[in-house]
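Listing of coords.tsv, TSV, C-alpha atoms and all ligand atoms
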chain	number	residue	atom	x	y	z
A	1	MET	CA	38.15	-3.14	31.16
A	2	ARG	CA	35.97	-3.77	34.12
A	3	GLN	CA	33.59	-1.06	32.98
A	4	ILE	CA	33.24	-2.69	29.60
A	5	VAL	CA	32.37	-6.01	31.19
A	6	LEU	CA	29.81	-4.29	33.38
A	7	ARG	CA	28.34	-2.51	30.40
A	8	ARG	CA	28.15	-5.76	28.53
A	9	LEU	CA	26.37	-7.30	31.47
A	10	ALA	CA	23.96	-4.40	31.61
A	11	LEU	CA	23.36	-4.71	27.90
A	12	ALA	CA	22.75	-8.43	28.22
A	13	ALA	CA	20.36	-7.79	31.08
A	14	SER	CA	18.38	-5.21	29.15
A	15	LEU	CA	18.25	-7.47	26.11
A	16	THR	CA	16.87	-10.25	28.28
A	17	ALA	CA	14.31	-7.83	29.66
A	18	LEU	CA	13.36	-6.76	26.13
A	19	LEU	CA	12.99	-10.35	25.01
A	20	ALA	CA	10.88	-11.15	28.06
A	21	LEU	CA	8.71	-8.12	27.29
A	22	GLY	CA	8.38	-9.28	23.71
A	23	THR	CA	7.14	-12.70	24.73
A	24	SER	CA	4.71	-11.39	27.30
A	25	ALA	CA	3.33	-8.88	24.80
A	26	VAL	CA	2.69	-11.75	22.41
A	27	ALA	CA	1.20	-13.91	25.13
A	28	GLN	CA	-1.13	-11.13	26.19
A	29	PHE	CA	-2.20	-10.47	22.62
A	30	GLY	CA	-3.43	-14.01	22.16
A	31	LYS	CA	-1.97	-17.45	21.99
A	32	HIS	CA	-1.61	-17.26	18.26
A	33	SER	CA	1.40	-17.14	16.06
A	34	ALA	CA	2.79	-13.95	14.60
A	35	GLU	CA	2.18	-14.97	10.99
A	36	GLU	CA	-1.53	-14.79	11.65
A	37	LYS	CA	-1.20	-11.06	12.16
A	38	ILE	CA	-0.81	-8.48	9.44
A	39	ASN	CA	1.13	-5.26	9.16
A	40	VAL	CA	-1.38	-2.43	9.33
A	41	SER	CA	1.13	0.41	9.59
A	42	SER	CA	0.02	1.82	6.22
A	43	TYR	CA	-3.67	1.83	7.25
A	44	PRO	CA	-5.35	5.08	8.39
A	45	ALA	CA	-5.03	5.66	12.16
A	46	ASN	CA	-8.70	4.95	12.89
A	47	ILE	CA	-8.52	1.63	11.01
A	48	GLN	CA	-5.35	0.72	12.90
A	49	SER	CA	-7.20	1.20	16.13
A	50	ASN	CA	-10.12	-0.86	14.78
A	51	TYR	CA	-7.60	-3.58	13.94
A	52	LYS	CA	-6.46	-3.68	17.58
A	53	VAL	CA	-10.01	-4.33	18.71
A	54	PHE	CA	-10.34	-7.07	16.09
A	55	ALA	CA	-7.00	-8.71	16.96
A	56	ASN	CA	-7.81	-8.63	20.64
A	57	LYS	CA	-11.48	-9.69	20.62
A	58	CYS	CA	-11.45	-12.13	17.73
A	59	SER	CA	-8.51	-14.16	19.00
A	60	GLU	CA	-10.17	-15.21	22.24
A	61	CYS	CA	-11.37	-18.56	20.95
A	62	HIS	CA	-9.49	-19.15	17.68
A	63	GLY	CA	-6.78	-17.65	15.54
A	64	LEU	CA	-7.21	-14.67	13.24
A	65	ALA	CA	-6.18	-16.55	10.10
A	66	SER	CA	-9.71	-17.46	8.93
A	67	SER	CA	-10.95	-13.89	9.11
A	68	LEU	CA	-7.77	-12.53	7.54
A	69	LYS	CA	-8.18	-14.86	4.55
A	70	GLN	CA	-11.83	-15.60	3.95
A	71	SER	CA	-13.96	-12.97	2.22
A	72	ARG	CA	-17.54	-12.01	2.98
A	73	SER	CA	-19.80	-9.30	1.65
A	74	PRO	CA	-20.48	-6.46	4.14
A	75	GLU	CA	-23.76	-8.20	5.10
A	76	GLY	CA	-21.88	-11.48	5.37
A	77	TRP	CA	-19.37	-10.03	7.86
A	78	THR	CA	-22.15	-8.35	9.82
A	79	ALA	CA	-23.88	-11.72	10.17
A	80	GLU	CA	-20.61	-13.49	11.06
A	81	VAL	CA	-19.68	-10.97	13.76
A	82	ARG	CA	-23.22	-11.10	15.22
A	83	ARG	CA	-22.95	-14.88	15.32
A	84	MET	CA	-19.64	-14.60	17.21
A	85	GLN	CA	-21.12	-12.02	19.61
A	86	ALA	CA	-23.95	-14.42	20.38
A	87	MET	CA	-21.61	-17.22	21.41
A	88	ALA	CA	-21.52	-17.89	25.12
A	89	SER	CA	-18.36	-16.46	26.69
A	90	SER	CA	-17.67	-13.98	23.90
A	91	HIS	CA	-17.10	-10.49	25.28
A	92	ILE	CA	-17.81	-8.26	22.30
A	93	ASN	CA	-20.16	-5.31	22.76
A	94	ASP	CA	-21.96	-3.55	19.90
A	95	SER	CA	-19.52	-0.67	19.69
A	96	GLU	CA	-16.58	-3.08	19.45
A	97	ALA	CA	-18.47	-5.09	16.83
A	98	GLY	CA	-18.86	-1.86	14.84
A	99	GLU	CA	-15.13	-1.19	15.02
A	100	ILE	CA	-14.31	-4.76	14.00
A	101	LEU	CA	-16.62	-4.46	10.99
A	102	LYS	CA	-14.88	-1.25	9.90
A	103	PHE	CA	-11.52	-3.00	9.98
A	104	LEU	CA	-12.86	-6.03	8.09
A	105	ALA	CA	-14.41	-3.85	5.38
A	106	TYR	CA	-11.24	-1.81	4.90
A	107	ASP	CA	-9.06	-4.91	4.86
A	108	GLU	CA	-11.32	-6.56	2.22
A	109	SER	CA	-11.03	-3.62	-0.15
A	110	HIS	CA	-7.29	-3.09	0.34
A	111	ARG	CA	-5.03	-5.95	1.43
A	112	LYS	CA	-7.24	-8.86	0.36
A	113	ALA	CA	-8.20	-7.23	-2.93
A	114	ALA	CA	-4.53	-6.45	-3.67
A	115	SER	CA	-3.36	-9.99	-3.00
A	116	ARG	CA	-5.96	-11.36	-5.44
A	117	GLU	CA	-5.13	-8.69	-8.00
A	118	ALA	CA	-1.54	-9.86	-7.79
A	119	ILE	CA	-2.58	-13.43	-8.52
A	120	SER	CA	-4.65	-12.50	-11.58
A	121	ALA	CA	-2.12	-9.93	-12.80
A	122	ASN	CA	0.43	-12.71	-13.09
A	123	THR	CA	-0.44	-13.39	-16.72
A	124	GLY	CA	1.80	-16.43	-16.77
A	125	ASN	CA	-0.86	-18.14	-14.67
A	126	ALA	CA	-3.26	-20.47	-16.44
A	127	PRO	CA	-6.79	-20.11	-14.93
A	128	GLU	CA	-6.50	-23.35	-12.99
A	129	VAL	CA	-3.10	-22.32	-11.60
A	130	ALA	CA	-4.43	-18.91	-10.55
A	131	GLY	CA	-7.46	-20.73	-9.12
A	132	ARG	CA	-5.29	-22.93	-6.97
A	133	GLN	CA	-3.60	-19.86	-5.52
A	134	MET	CA	-7.00	-18.22	-5.01
A	135	PHE	CA	-8.15	-21.31	-3.12
A	136	GLU	CA	-5.38	-20.51	-0.62
A	137	SER	CA	-5.86	-16.75	-0.74
A	138	TYR	CA	-9.62	-17.01	-0.02
A	139	GLY	CA	-9.03	-19.34	2.91
A	140	CYS	CA	-11.05	-22.19	1.37
A	141	SER	CA	-8.60	-24.61	2.96
A	142	SER	CA	-9.56	-23.55	6.48
A	143	CYS	CA	-12.67	-25.68	5.85
A	144	HIS	CA	-11.72	-27.90	2.90
A	145	SER	CA	-8.87	-30.17	1.96
A	146	VAL	CA	-7.44	-31.26	-1.37
A	147	ALA	CA	-5.19	-34.32	-1.45
A	148	GLY	CA	-5.13	-34.33	2.33
A	149	VAL	CA	-3.91	-30.73	2.63
A	150	GLY	CA	-6.20	-28.35	4.52
A	151	ASN	CA	-9.19	-29.12	6.71
A	152	THR	CA	-9.94	-32.78	6.02
A	153	SER	CA	-13.42	-32.62	7.54
A	154	SER	CA	-14.64	-31.56	4.09
A	155	ALA	CA	-12.50	-32.91	1.26
A	156	LEU	CA	-13.05	-31.58	-2.26
A	157	ASP	CA	-11.13	-34.35	-4.04
A	158	GLY	CA	-13.15	-35.59	-7.01
A	159	ILE	CA	-15.46	-32.53	-6.97
A	160	GLY	CA	-14.63	-31.92	-10.65
A	161	SER	CA	-16.24	-35.25	-11.56
A	162	LYS	CA	-19.32	-34.52	-9.50
A	163	ARG	CA	-20.27	-30.93	-10.32
A	164	THR	CA	-20.50	-28.75	-13.41
A	165	ALA	CA	-18.93	-25.28	-13.64
A	166	GLU	CA	-22.34	-23.65	-13.16
A	167	GLU	CA	-23.10	-25.74	-10.09
A	168	LEU	CA	-19.72	-24.95	-8.58
A	169	LYS	CA	-20.18	-21.21	-9.04
A	170	ARG	CA	-23.53	-21.33	-7.30
A	171	LEU	CA	-22.23	-23.51	-4.47
A	172	ILE	CA	-19.47	-21.01	-3.71
A	173	VAL	CA	-21.27	-17.66	-3.81
A	174	SER	CA	-24.79	-18.75	-2.86
A	175	PRO	CA	-24.74	-22.11	-1.09
A	176	PRO	CA	-28.17	-23.76	-0.75
A	177	SER	CA	-30.13	-22.65	2.32
A	178	GLY	CA	-29.36	-24.91	5.24
A	179	SER	CA	-25.82	-25.43	4.01
A	180	THR	CA	-23.13	-24.80	6.59
A	181	MET	CA	-20.89	-23.26	3.95
A	182	PRO	CA	-20.96	-19.46	4.39
A	183	PRO	CA	-21.65	-17.46	1.20
A	184	MET	CA	-18.20	-16.31	0.12
A	185	SER	CA	-17.73	-12.94	-1.50
A	186	VAL	CA	-15.83	-13.74	-4.70
A	187	PRO	CA	-15.88	-11.46	-7.77
A	188	ASP	CA	-16.71	-13.16	-11.10
A	189	LYS	CA	-13.19	-13.19	-12.52
A	190	ASP	CA	-11.81	-14.86	-9.38
A	191	LEU	CA	-14.73	-17.27	-9.39
A	192	GLU	CA	-13.87	-18.35	-12.97
A	193	ASN	CA	-10.34	-19.20	-11.82
A	194	LEU	CA	-11.49	-21.03	-8.71
A	195	VAL	CA	-13.93	-23.11	-10.73
A	196	ALA	CA	-11.29	-23.89	-13.37
A	197	TYR	CA	-9.14	-25.25	-10.54
A	198	LEU	CA	-11.96	-27.26	-8.90
A	199	LEU	CA	-12.78	-28.84	-12.28
A	200	THR	CA	-9.26	-30.29	-12.40
A	201	LEU	CA	-10.02	-32.29	-9.22
A	202	LYS	CA	-11.34	-35.39	-11.00
A	203	ASN	CA	-11.86	-38.83	-9.54
A	204	ARG	CA	-9.02	-41.12	-10.35
A	301	LIG	C1	-16.53	-17.11	22.21
A	301	LIG	C2	-15.60	-17.69	21.26
A	301	LIG	C3	-15.42	-16.96	19.92
A	301	LIG	C4	-15.08	-15.64	19.71
A	301	LIG	C5	-14.82	-14.56	20.75
A	301	LIG	C6	-15.00	-15.48	18.27
A	301	LIG	N1	-15.26	-16.66	17.64
A	301	LIG	FE1	-15.26	-16.98	15.63
A	301	LIG	N2	-15.78	-18.93	15.92
A	301	LIG	C7	-15.94	-19.53	17.16
A	301	LIG	C8	-16.25	-20.94	16.96
A	301	LIG	C9	-16.50	-21.96	18.08
A	301	LIG	C10	-16.26	-21.17	15.55
A	301	LIG	C11	-16.47	-22.50	14.80
A	301	LIG	C12	-17.89	-22.95	14.83
A	301	LIG	C13	-18.80	-22.14	13.97
A	301	LIG	O1	-18.41	-21.64	12.91
A	301	LIG	O2	-19.98	-21.98	14.37
A	301	LIG	C14	-15.97	-19.88	14.94
A	301	LIG	C15	-15.89	-19.68	13.57
A	301	LIG	C16	-15.56	-18.50	12.97
A	301	LIG	C17	-15.49	-18.29	11.53
A	301	LIG	C18	-15.81	-19.34	10.50
A	301	LIG	C19	-14.60	-19.68	9.68
A	301	LIG	C20	-13.92	-20.95	9.96
A	301	LIG	O3	-12.81	-21.10	9.42
A	301	LIG	O4	-14.44	-21.82	10.68
A	301	LIG	C21	-15.12	-16.99	11.32
A	301	LIG	C22	-14.88	-16.29	9.99
A	301	LIG	C23	-14.99	-16.38	12.63
A	301	LIG	N3	-15.24	-17.33	13.60
A	301	LIG	C24	-14.66	-15.05	12.83
A	301	LIG	C25	-14.63	-14.44	14.07
A	301	LIG	C26	-14.48	-13.01	14.26
A	301	LIG	C27	-14.35	-11.99	13.14
A	301	LIG	C28	-14.52	-12.79	15.61
A	301	LIG	C29	-14.45	-11.46	16.33
A	301	LIG	C30	-15.59	-10.61	16.05
A	301	LIG	C31	-14.67	-14.08	16.27
A	301	LIG	N4	-14.75	-15.05	15.30
A	301	LIG	C32	-14.74	-14.27	17.65
A	301	LIG	C33	-15.82	-18.94	18.39
A	301	LIG	C34	-15.52	-17.60	18.61
A	302	LIG	C1	-16.22	-21.70	7.04
A	302	LIG	C2	-16.02	-22.94	6.33
A	302	LIG	C3	-15.99	-22.92	4.82
A	302	LIG	C4	-15.27	-22.09	3.99
A	302	LIG	C5	-14.39	-20.93	4.35
A	302	LIG	C6	-15.51	-22.57	2.65
A	302	LIG	N1	-16.36	-23.65	2.67
A	302	LIG	FE1	-17.02	-24.68	1.06
A	302	LIG	N2	-18.22	-25.80	2.26
A	302	LIG	C7	-18.19	-25.78	3.64
A	302	LIG	C8	-19.07	-26.82	4.14
A	302	LIG	C9	-19.32	-27.13	5.61
A	302	LIG	C10	-19.63	-27.45	3.00
A	302	LIG	C11	-20.63	-28.59	2.98
A	302	LIG	C12	-21.95	-27.91	2.67
A	302	LIG	C13	-23.16	-28.55	3.25
A	302	LIG	O1	-23.53	-28.18	4.38
A	302	LIG	O2	-23.74	-29.37	2.56
A	302	LIG	C14	-19.07	-26.78	1.83
A	302	LIG	C15	-19.36	-27.12	0.52
A	302	LIG	C16	-18.62	-26.70	-0.57
A	302	LIG	C17	-18.78	-27.20	-1.92
A	302	LIG	C18	-19.77	-28.25	-2.38
A	302	LIG	C19	-19.17	-29.60	-2.15
A	302	LIG	C20	-20.01	-30.72	-2.68
A	302	LIG	O3	-19.64	-31.87	-2.43
A	302	LIG	O4	-21.02	-30.47	-3.33
A	302	LIG	C21	-17.86	-26.55	-2.70
A	302	LIG	C22	-17.62	-26.73	-4.20
A	302	LIG	C23	-17.15	-25.64	-1.84
A	302	LIG	N3	-17.64	-25.75	-0.55
A	302	LIG	C24	-16.11	-24.81	-2.26
A	302	LIG	C25	-15.53	-23.83	-1.47
A	302	LIG	C26	-14.58	-22.85	-1.95
A	302	LIG	C27	-14.03	-22.79	-3.37
A	302	LIG	C28	-14.26	-22.05	-0.89
A	302	LIG	C29	-13.36	-20.84	-0.88
A	302	LIG	C30	-13.75	-19.78	-1.80
A	302	LIG	C31	-15.00	-22.54	0.26
A	302	LIG	N4	-15.76	-23.62	-0.13
A	302	LIG	C32	-14.94	-22.00	1.53
A	302	LIG	C33	-17.47	-24.92	4.43
A	302	LIG	C34	-16.66	-23.90	3.98
As structure tokens, please, write out the structure in this file.
Amino acid sequence: MRQIVLRRLALAASLTALLALGTSAVAQFGKHSAEEKINVSSYPANIQSNYKVFANKCSECHGLASSLKQSRSPEGWTAEVRRMQAMASSHINDSEAGEILKFLAYDESHRKAASREAISANTGNAPEVAGRQMFESYGCSSCHSVAGVGNTSSALDGIGSKRTAEELKRLIVSPPSGSTMPPMSVPDKDLENLVAYLLTLKNR
């Protein structure tokens, strides 16, 4: 009887230790929530180790969510990572930057591509419905809001009354020079859906 109680106590103690370890591992990994991370266990070993560098270095100043959602061309990511390296107080050397870029490229062509495939493969989706899901999937809402949801510093409400389909396409994949909107990497069929959605955002 006594032994069982002791064992229970020992079990409780080791569980507490495990929990404490869990929290400190999270704390050390960055202050950001678990849902911002992704499961990379099916990625090749070298990409998994690139992911660790990314998750560690790119969470120093902000969460990982933007990079895990938004899409850039390879040149676009190279420019973005260089920009981050140049920021005062960033500690990312060129070899780490190279590893981060390998992870980002792999993740674009696998996880991100698959999630967008899944949206367009859902044939029940009308273009504007698929487009609304793509708006989320591409991380547009980290910089834009619609009906108060998302980043309200740049609201897109009413954009469908202001811009034509052609203008919208250009604004998304090749914003005018001097614009602070980064050129997003969006294949044509996804772009059609996104634009169909944006065109529904009329002034009321
Ligand atoms: C030294 C701090 C710092 C580090 C380290 C850092 N960033 Fe940033 N990042 C910022 C700041 C500040 C902004 C917002 C201002 C801007 O975009 O210029 C930003 C913006 C961004 C954006 C624009 C998207 C958005 O939603 O605003 C992306 C993408 C991004 N960072 C990716 C990365 C990646 C990838 C890494 C790792 C290579 C990284 N960051 C490391 C400071 C940092
Ligand atoms: C890193 C932040 C960021 C991301 C991500 C982003 N945008 Fe933008 N976008 C901006 C900013 C800032 C502007 C304002 C451009 C300027 O400087 O004039 C803008 C402008 C626009 C405009 C033109 C608005 C107008 O009034 O003419 C459209 C349309 C647009 N974005 C759509 C999108 C879509 C769709 C996505 C996702 C595929 C997206 N944006 C992702 C920052 C972003």
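Here CA of Gly131 (chain A) stands at a distance of 20.5 Å from CA of Arg204 (chain A).
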Close residues to ligand LIG 301 (chain A) using all atoms listed in the file, limit 9 Å, as a ChimeraX atom specification: /A:53-72,77,80-92,96-97,100-101,104,139-143,180,182
Write a file of the just-selected residues containing C-alpha atoms, as a CSV table (one decimal), in the frame of the given file.
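After the write, result30.csv holds the following:
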chain,number,residue,atom,x,y,z
A,53,VAL,CA,-10.0,-4.3,18.7
A,54,PHE,CA,-10.3,-7.1,16.1
A,55,ALA,CA,-7.0,-8.7,17.0
A,56,ASN,CA,-7.8,-8.6,20.6
A,57,LYS,CA,-11.5,-9.7,20.6
A,58,CYS,CA,-11.4,-12.1,17.7
A,59,SER,CA,-8.5,-14.2,19.0
A,60,GLU,CA,-10.2,-15.2,22.2
A,61,CYS,CA,-11.4,-18.6,21.0
A,62,HIS,CA,-9.5,-19.2,17.7
A,63,GLY,CA,-6.8,-17.6,15.5
A,64,LEU,CA,-7.2,-14.7,13.2
A,65,ALA,CA,-6.2,-16.6,10.1
A,66,SER,CA,-9.7,-17.5,8.9
A,67,SER,CA,-11.0,-13.9,9.1
A,68,LEU,CA,-7.8,-12.5,7.5
A,69,LYS,CA,-8.2,-14.9,4.6
A,70,GLN,CA,-11.8,-15.6,4.0
A,71,SER,CA,-14.0,-13.0,2.2
A,72,ARG,CA,-17.5,-12.0,3.0
A,77,TRP,CA,-19.4,-10.0,7.9
A,80,GLU,CA,-20.6,-13.5,11.1
A,81,VAL,CA,-19.7,-11.0,13.8
A,82,ARG,CA,-23.2,-11.1,15.2
A,83,ARG,CA,-23.0,-14.9,15.3
A,84,MET,CA,-19.6,-14.6,17.2
A,85,GLN,CA,-21.1,-12.0,19.6
A,86,ALA,CA,-24.0,-14.4,20.4
A,87,MET,CA,-21.6,-17.2,21.4
A,88,ALA,CA,-21.5,-17.9,25.1
A,89,SER,CA,-18.4,-16.5,26.7
A,90,SER,CA,-17.7,-14.0,23.9
A,91,HIS,CA,-17.1,-10.5,25.3
A,92,ILE,CA,-17.8,-8.3,22.3
A,96,GLU,CA,-16.6,-3.1,19.4
A,97,ALA,CA,-18.5,-5.1,16.8
A,100,ILE,CA,-14.3,-4.8,14.0
A,101,LEU,CA,-16.6,-4.5,11.0
A,104,LEU,CA,-12.9,-6.0,8.1
A,139,GLY,CA,-9.0,-19.3,2.9
A,140,CYS,CA,-11.0,-22.2,1.4
A,141,SER,CA,-8.6,-24.6,3.0
A,142,SER,CA,-9.6,-23.6,6.5
A,143,CYS,CA,-12.7,-25.7,5.8
A,180,THR,CA,-23.1,-24.8,6.6
A,182,PRO,CA,-21.0,-19.5,4.4
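Minimum distance to ligand LIG 302 (chain A) across A:Lys112, A:Lys37, A:Arg132, A:His144 (counting all atoms listed in the file) occurs at A:His144.
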Distance query Lys102 (chain A) at most 12 Å, all atoms listed in the file, self and fewer than 3 positions along chain excluded, as a list in words: Tyr43, Pro44, Asn46, Ile47, Gln48, Ser49, Asn50, Tyr51, Lys52, Val53, Phe54, Pro74, Trp77, Thr78, Val81, Ser95, Glu96, Ala97, Gly98, Glu99, Ala105, Tyr106, Asp107, Glu108 and Ser109 of chain A
Contacts to ligand LIG 302 (chain A) at 10 Å cut-off (only C-alpha atoms and all ligand atoms) as an MDAnalysis selection string: chainID A and resid 66:67 69:72 131:132 134:145 151 153:160 162:165 167:173 175:186 190:191 193:195 197:199
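CA of Ala196 (chain A) lies 6.1 Å from CA of Pro127 (chain A).
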Atomic separation - CA of Val149 (chain A) relative to CA of Asp188 (chain A), Å: 25.7 Å
The centre and edge lengths of an axis-aligned box containing all atoms of region 141-153 of chain A present in the file, extended by 5 Å on each side, are to be given in Å to one decimal, as JSON.
{"center_x": -8.7, "center_y": -28.9, "center_z": 3.0, "size_x": 19.5, "size_y": 20.8, "size_z": 19.0}
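Among the candidates A:Pro187, A:Ile38, A:Glu192, A:Asn203, the one nearest to Ala130 (chain A) when counting all atoms listed in the file is A:Glu192.
Among the candidates A:Ser42, A:Ser174, A:Gly148, A:Val129, the one nearest to Thr200 (chain A) when counting all atoms listed in the file is A:Val129.
Compared by their closest atoms to Ser161 (chain A), and using all atoms listed in the file, the residues A:Arg111, A:Leu201, A:Ala79, A:Val146 rank with A:Leu201 nearest.
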